[in-house]
>>> print(open('protein_12.pdb').read())   # PDB, C-alpha atoms
ATOM      1  CA  MET A   1     124.853 132.450  90.391  1.00  0.00           C
ATOM      2  CA  SER A   2     122.308 132.550  93.159  1.00  0.00           C
ATOM      3  CA  ASP A   3     122.276 135.138  95.955  1.00  0.00           C
ATOM      4  CA  LEU A   4     121.399 132.526  98.572  1.00  0.00           C
ATOM      5  CA  PRO A   5     123.742 132.503 101.568  1.00  0.00           C
ATOM      6  CA  ILE A   6     123.929 128.694 101.501  1.00  0.00           C
ATOM      7  CA  ASP A   7     124.267 126.217  98.651  1.00  0.00           C
ATOM      8  CA  PRO A   8     120.811 125.487  97.110  1.00  0.00           C
ATOM      9  CA  ILE A   9     121.458 121.743  97.422  1.00  0.00           C
ATOM     10  CA  LEU A  10     121.530 122.159 101.203  1.00  0.00           C
ATOM     11  CA  TYR A  11     118.095 123.802 101.079  1.00  0.00           C
ATOM     12  CA  LEU A  12     116.808 120.851  99.069  1.00  0.00           C
ATOM     13  CA  MET A  13     118.290 118.344 101.514  1.00  0.00           C
ATOM     14  CA  LEU A  14     116.781 120.166 104.519  1.00  0.00           C
ATOM     15  CA  SER A  15     113.392 120.286 102.812  1.00  0.00           C
ATOM     16  CA  LEU A  16     113.480 116.560 102.061  1.00  0.00           C
ATOM     17  CA  HIS A  17     114.554 115.868 105.650  1.00  0.00           C
ATOM     18  CA  CYS A  18     111.480 117.739 106.916  1.00  0.00           C
ATOM     19  CA  VAL A  19     109.167 115.963 104.475  1.00  0.00           C
ATOM     20  CA  ILE A  20     110.522 112.571 105.576  1.00  0.00           C
ATOM     21  CA  GLY A  21     110.004 113.581 109.211  1.00  0.00           C
ATOM     22  CA  ALA A  22     106.417 114.627 108.546  1.00  0.00           C
ATOM     23  CA  ILE A  23     105.736 111.322 106.764  1.00  0.00           C
ATOM     24  CA  ALA A  24     107.171 109.444 109.763  1.00  0.00           C
ATOM     25  CA  ALA A  25     104.823 111.379 112.053  1.00  0.00           C
ATOM     26  CA  MET A  26     101.788 110.571 109.897  1.00  0.00           C
ATOM     27  CA  ILE A  27     102.685 106.873 109.827  1.00  0.00           C
ATOM     28  CA  ALA A  28     103.144 106.847 113.603  1.00  0.00           C
ATOM     29  CA  GLN A  29      99.803 108.603 114.085  1.00  0.00           C
ATOM     30  CA  ASN A  30      98.082 106.018 111.872  1.00  0.00           C
ATOM     31  CA  LYS A  31      99.558 103.345 114.116  1.00  0.00           C
ATOM     32  CA  GLY A  32      98.024 104.946 117.212  1.00  0.00           C
ATOM     33  CA  ARG A  33     100.976 107.028 118.412  1.00  0.00           C
ATOM     34  CA  SER A  34     100.945 110.704 119.404  1.00  0.00           C
ATOM     35  CA  LEU A  35     101.373 113.172 116.548  1.00  0.00           C
ATOM     36  CA  ASN A  36     102.526 115.800 119.080  1.00  0.00           C
ATOM     37  CA  LEU A  37     105.461 113.556 119.992  1.00  0.00           C
ATOM     38  CA  TRP A  38     106.304 112.166 116.571  1.00  0.00           C
ATOM     39  CA  LEU A  39     106.217 115.369 114.531  1.00  0.00           C
ATOM     40  CA  PRO A  40     109.085 117.094 116.380  1.00  0.00           C
ATOM     41  CA  LEU A  41     110.902 113.774 116.637  1.00  0.00           C
ATOM     42  CA  GLY A  42     110.541 113.188 112.917  1.00  0.00           C
ATOM     43  CA  LEU A  43     111.658 116.712 112.038  1.00  0.00           C
ATOM     44  CA  VAL A  44     114.792 116.396 114.168  1.00  0.00           C
ATOM     45  CA  VAL A  45     115.761 112.793 113.474  1.00  0.00           C
ATOM     46  CA  GLY A  46     114.395 112.361 109.935  1.00  0.00           C
ATOM     47  CA  THR A  47     115.075 109.063 108.189  1.00  0.00           C
ATOM     48  CA  PRO A  48     115.709 106.973 111.352  1.00  0.00           C
ATOM     49  CA  ALA A  49     112.301 108.106 112.677  1.00  0.00           C
ATOM     50  CA  LEU A  50     110.715 106.970 109.419  1.00  0.00           C
ATOM     51  CA  ILE A  51     112.335 103.557 109.724  1.00  0.00           C
ATOM     52  CA  VAL A  52     111.196 103.175 113.347  1.00  0.00           C
ATOM     53  CA  ALA A  53     107.663 104.311 112.463  1.00  0.00           C
ATOM     54  CA  LEU A  54     107.494 101.748 109.656  1.00  0.00           C
ATOM     55  CA  LEU A  55     108.755  98.917 111.870  1.00  0.00           C
ATOM     56  CA  MET A  56     106.682  99.527 115.004  1.00  0.00           C
ATOM     57  CA  LYS A  57     103.483  97.638 115.590  1.00  0.00           C
ATOM     58  CA  ARG A  58     100.026  99.175 115.707  1.00  0.00           C
ATOM     59  CA  GLN A  59      99.032 100.265 119.224  1.00  0.00           C
ATOM     60  CA  ASP A  60      95.749  98.839 120.548  1.00  0.00           C
TER      61      ASP A  60
END
>>> encode(input="protein_12.pdb", output="structure tokens")
Amino acid sequence: MSDLPIDPILYLMLSLHCVIGAIAAMIAQNKGRSLNLWLPLGLVVGTPALIVALLMKRQD
């Protein structure tokens, strides 16, 4: 058994959540949005932020 205080699967899920949030921030930045806004938003919200970033239009 592991000596981790929390189930290792939870660590994996939290890591994937952060990776998805960072990807959402990069997509939003490529579409002309602020990385300083989208990175924290992506890290907190995760998958919904990715979906919104994919669906929004490029800013002129």
>>> resolve_selection(input="protein_12.pdb", expression="the PyMOL selection byres ((chain A and resi 26) around 12)", output="ChimeraX atom specification")
/A:19-25,27-43,49-50,53-54
>>> axis_aligned_box(input="protein_12.pdb", around="range 27-30 of chain A", padding_each_side="5 Å", output="AutoDock Vina command-line options")
--center_x 100.6 --center_y 107.3 --center_z 112.0 --size_x 15.1 --size_y 12.6 --size_z 14.3
>>> atom_distance(input="protein_12.pdb", atom1="CA of Thr47 in chain A", atom2="CA of Pro5 in chain A")
25.9 Å
>>> atom_distance(input="protein_12.pdb", atom1="CA of Val45 in chain A", atom2="CA of Leu14 in chain A")
11.6 Å
